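Colleague: Before I ask anything, here is the structure I am working with.
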Amino acid sequence: MKMGITCVAFIGPQNNPMYLRSMDPATDDHYLKLHYIVHCALDAVEEKVLLKRGPSDSQDVYLGLLYPTEDYRVYGYLTNTHVKIILLLDDEAPIKDEAVLRVLRRLHSLYVDTTSNPFHKFGLPITSPRFDAQLEQIVALYPRPGASLGGFTT
Amino acid sequence: MLRGGPAGARNAPSLEQINAEVFTLTYGSIVRQLISDFEDIEEVNKQLEQMGYNMGIRLVDEFLAKAKITRCSSFRDTADVVAKQALPMFLNVSANVANWNPDQTECSLILTDNPLADFVELPEEYRELKYCNVLAGVVRGALEMVNMEVECRWVSDMLKGDDCYELRIKLNEHRDEKFPFKDDD
């Protein structure tokens, strides 16, 4: 069964990977592939950021669809501290931007809560079990393909 | 989000307020700094308790000045006042008093919400750390200033997986007022 969100990744300000999680049970090879896709996505993020340097553009956090690959679509989100949240979607149905944006906002909020932990070390990979559990909950909120989109509350 | 007296409560005094997150993050930094200074977790626990004690001996005056309560007639009253008036005034949380022993000299303060420990996740290596030990010190210091010698220790801690924060208070001695001079002077 195809899931909506396949993979979530958090990349730090120096492009250091902080967290990468595949929602499908994955093998090592699969993880390599995901790492590779996320890495390429970073280039797309840089591009979008450069394009937005114009004085007319506001500080936009949501970068939208970065690029489609053969299996996935990659969405990006850039925080003011240059932390990037990358989402890989496995869905063939037309994606609603607002749904993706809601998930990304919640992920951002979860990230902020986790870094507020006094024992959290910046820049190092995120290992907190609470983070894992809450991430799963947030991802579960994203409507699966075929499910009705009604009743989705923020 | 602000912390201060609960709105609409009968005894709500007006106090200066501080943003709750600033408070939580400041306390978190203090604990982190103590750990890196002392490195021994037991020592850190002692330091937190001592800090709490120093705060408690000063806080009790502020509390008594602002709260306008009458004299407590028993330790039971005291525990109620701490749980229902002092904690809401300073931390904006209220606690329940429970688990009295038959002598009425020991009880537990049960908190379900603790602003000191918001967002905190205790890593494995700090399992022995009593993160909220400063509160134990505050209660001990405050009660000592009103002539009750107590011992406070944590029995449950949500950071360690329990379902509430439980502080056990044991009354050791009720000292009489000490006068600074003798009668036959």
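Scheme for the structure tokens: letters A, B, ... for chains in order shown; per-chain residue numbers from 1; ligand numbers from 1 in order shown.
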Identify all chain B residues at most 12 Å from chain A by counting only C-alpha atoms; ligands do not count. Present them as a PyMOL selection string.
Modeller: chain B and resi 21-36+116-126+131+159+161
Colleague: Would you export the selected residues with C-alpha atoms as a PDB file, in the first residue's frame, please?
Modeller:
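Result went into result17.pdb, see below:
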```pdb
ATOM      1  CA  GLU B  21       9.559  29.857  28.426  1.00  0.00           C
ATOM      2  CA  VAL B  22      12.283  32.252  29.517  1.00  0.00           C
ATOM      3  CA  PHE B  23      11.929  30.848  33.010  1.00  0.00           C
ATOM      4  CA  THR B  24      12.059  27.243  31.866  1.00  0.00           C
ATOM      5  CA  LEU B  25      15.021  27.793  29.567  1.00  0.00           C
ATOM      6  CA  THR B  26      16.903  29.713  32.254  1.00  0.00           C
ATOM      7  CA  TYR B  27      16.438  26.913  34.730  1.00  0.00           C
ATOM      8  CA  GLY B  28      17.513  24.394  32.113  1.00  0.00           C
ATOM      9  CA  SER B  29      20.710  26.343  31.510  1.00  0.00           C
ATOM     10  CA  ILE B  30      21.423  26.483  35.227  1.00  0.00           C
ATOM     11  CA  VAL B  31      21.102  22.715  35.511  1.00  0.00           C
ATOM     12  CA  ARG B  32      23.306  22.161  32.464  1.00  0.00           C
ATOM     13  CA  GLN B  33      25.949  24.489  33.800  1.00  0.00           C
ATOM     14  CA  LEU B  34      25.938  22.803  37.194  1.00  0.00           C
ATOM     15  CA  ILE B  35      26.402  19.441  35.542  1.00  0.00           C
ATOM     16  CA  SER B  36      29.368  20.614  33.541  1.00  0.00           C
ATOM     17  CA  LEU B 116      10.610  23.879  35.454  1.00  0.00           C
ATOM     18  CA  ALA B 117      10.665  20.728  33.410  1.00  0.00           C
ATOM     19  CA  ASP B 118       8.844  21.705  30.233  1.00  0.00           C
ATOM     20  CA  PHE B 119      10.490  20.294  27.097  1.00  0.00           C
ATOM     21  CA  VAL B 120      13.023  18.384  29.173  1.00  0.00           C
ATOM     22  CA  GLU B 121      14.054  14.877  28.299  1.00  0.00           C
ATOM     23  CA  LEU B 122      16.508  13.302  30.670  1.00  0.00           C
ATOM     24  CA  PRO B 123      19.248  11.369  28.872  1.00  0.00           C
ATOM     25  CA  GLU B 124      20.355   7.973  30.179  1.00  0.00           C
ATOM     26  CA  GLU B 125      23.593   9.133  31.726  1.00  0.00           C
ATOM     27  CA  TYR B 126      21.754  11.594  33.991  1.00  0.00           C
ATOM     28  CA  TYR B 131      15.967  17.796  37.954  1.00  0.00           C
ATOM     29  CA  LEU B 159      10.989  12.915  33.659  1.00  0.00           C
ATOM     30  CA  GLY B 161       8.548   7.929  33.456  1.00  0.00           C
TER      31      GLY B 161
END
```
Colleague: Residues of stretch 1-179 of chain B in strand (DSSP E) according to DSSP, as number ranges by chain?
Modeller: B: 2-3, 18-19, 96-98, 106-111, 148-156, 165-174
Colleague: Which value, in Å to one decimal, gives the distance between atom CA of B:Glu16 and atom CA of B:Asn54?
Modeller: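 Taking atom CA of B:Glu16 and atom CA of B:Asn54, their separation equals 20.5 Å.
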Colleague: Using only C-alpha atoms, which of B:Glu151, B:Ile57, B:Ala20, B:Asp40 sits nearest B:Val138?
Modeller: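 Checking each of B:Glu151, B:Ile57, B:Ala20, B:Asp40 against B:Val138, counting only C-alpha atoms, the winner is B:Ile57.
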Colleague: Please list as a list in words every residue within 9 Å of stretch 8-12 of chain A, counting only C-alpha atoms and excluding residues in the same chain fewer than 2 positions away.
Modeller: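 Near stretch 8-12 of chain A, the qualifying residues are Ile5, Thr6, Gln14, Asn15, Asn16, Pro17, Met18, Tyr19, Leu20, Arg21, Ser22, Met23, His35, Val38, Leu42, Thr81, His82, Val83, Lys84, Ile85, Ile86, Leu87, Leu88, Tyr111, Phe122, Gly123, Leu124, Leu135 and Val139 of chain A.
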Colleague: List the neighbours of A:Arg106 out to 8 Å using only C-alpha atoms; skip same-chain residues closer than 4 positions along the sequence, and give me the result as a PyMOL selection string.
Modeller: chain A and resi 102+110+138
Colleague: Those same residues - N, CA and C atoms - I'd like them written as a PDB file, in the first residue's frame.
Modeller:
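Okay, this is what ended up in part09.pdb:
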```
ATOM      1  N   ARG A 102       0.858  22.201   6.508  1.00  0.00           N
ATOM      2  CA  ARG A 102       0.451  21.953   7.896  1.00  0.00           C
ATOM      3  C   ARG A 102       1.396  20.968   8.557  1.00  0.00           C
ATOM      4  N   LEU A 110       7.664  20.817  16.449  1.00  0.00           N
ATOM      5  CA  LEU A 110       8.250  19.698  17.184  1.00  0.00           C
ATOM      6  C   LEU A 110       9.754  19.880  17.313  1.00  0.00           C
ATOM      7  N   ILE A 138       2.598  12.974  13.856  1.00  0.00           N
ATOM      8  CA  ILE A 138       2.364  14.062  12.904  1.00  0.00           C
ATOM      9  C   ILE A 138       2.234  13.502  11.505  1.00  0.00           C
TER      10      ILE A 138
END
```
Colleague: List every residue of chain B that DSSP, applied to the backbone, labels as helix (DSSP H, G or I), and write the result as a PyMOL selection string.
Modeller: chain B and resi 20-38+41-67+75-91+115-117+124-126+133-145+158-160
Colleague: Near B:Asp162, within 12 Å and counting only C-alpha atoms, which residues show up once chain neighbours fewer than 5 positions away are dropped, as a PDB file with N, CA, C and O atoms, in the first residue's frame?
Modeller:
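part-v9.pdb, written as the output of this step:
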```pdb
ATOM      1  N   ILE B 110       1.488  16.637  45.275  1.00  0.00           N
ATOM      2  CA  ILE B 110       1.452  15.995  43.954  1.00  0.00           C
ATOM      3  C   ILE B 110       1.221  17.063  42.900  1.00  0.00           C
ATOM      4  O   ILE B 110       0.227  17.781  42.945  1.00  0.00           O
ATOM      5  N   LEU B 111       2.158  17.147  41.960  1.00  0.00           N
ATOM      6  CA  LEU B 111       2.014  18.096  40.863  1.00  0.00           C
ATOM      7  C   LEU B 111       1.861  17.322  39.567  1.00  0.00           C
ATOM      8  O   LEU B 111       2.617  16.394  39.304  1.00  0.00           O
ATOM      9  N   THR B 112       0.913  17.764  38.746  1.00  0.00           N
ATOM     10  CA  THR B 112       0.807  17.090  37.464  1.00  0.00           C
ATOM     11  C   THR B 112       1.489  17.892  36.365  1.00  0.00           C
ATOM     12  O   THR B 112       1.672  17.403  35.263  1.00  0.00           O
ATOM     13  N   TRP B 154      12.015  13.869  46.551  1.00  0.00           N
ATOM     14  CA  TRP B 154      11.156  13.509  45.443  1.00  0.00           C
ATOM     15  C   TRP B 154      10.935  12.009  45.429  1.00  0.00           C
ATOM     16  O   TRP B 154      11.889  11.248  45.485  1.00  0.00           O
ATOM     17  N   VAL B 155       9.660  11.591  45.353  1.00  0.00           N
ATOM     18  CA  VAL B 155       9.424  10.158  45.196  1.00  0.00           C
ATOM     19  C   VAL B 155       8.992   9.795  43.777  1.00  0.00           C
ATOM     20  O   VAL B 155       9.237   8.705  43.315  1.00  0.00           O
ATOM     21  N   SER B 156       8.322  10.708  43.089  1.00  0.00           N
ATOM     22  CA  SER B 156       7.990  10.417  41.695  1.00  0.00           C
ATOM     23  C   SER B 156       8.436  11.565  40.834  1.00  0.00           C
ATOM     24  O   SER B 156       8.357  12.716  41.243  1.00  0.00           O
ATOM     25  N   ASP B 157       8.838  11.241  39.631  1.00  0.00           N
ATOM     26  CA  ASP B 157       9.353  12.271  38.734  1.00  0.00           C
ATOM     27  C   ASP B 157       8.885  11.923  37.324  1.00  0.00           C
ATOM     28  O   ASP B 157       9.182  10.852  36.816  1.00  0.00           O
TER      29      ASP B 157
END
```
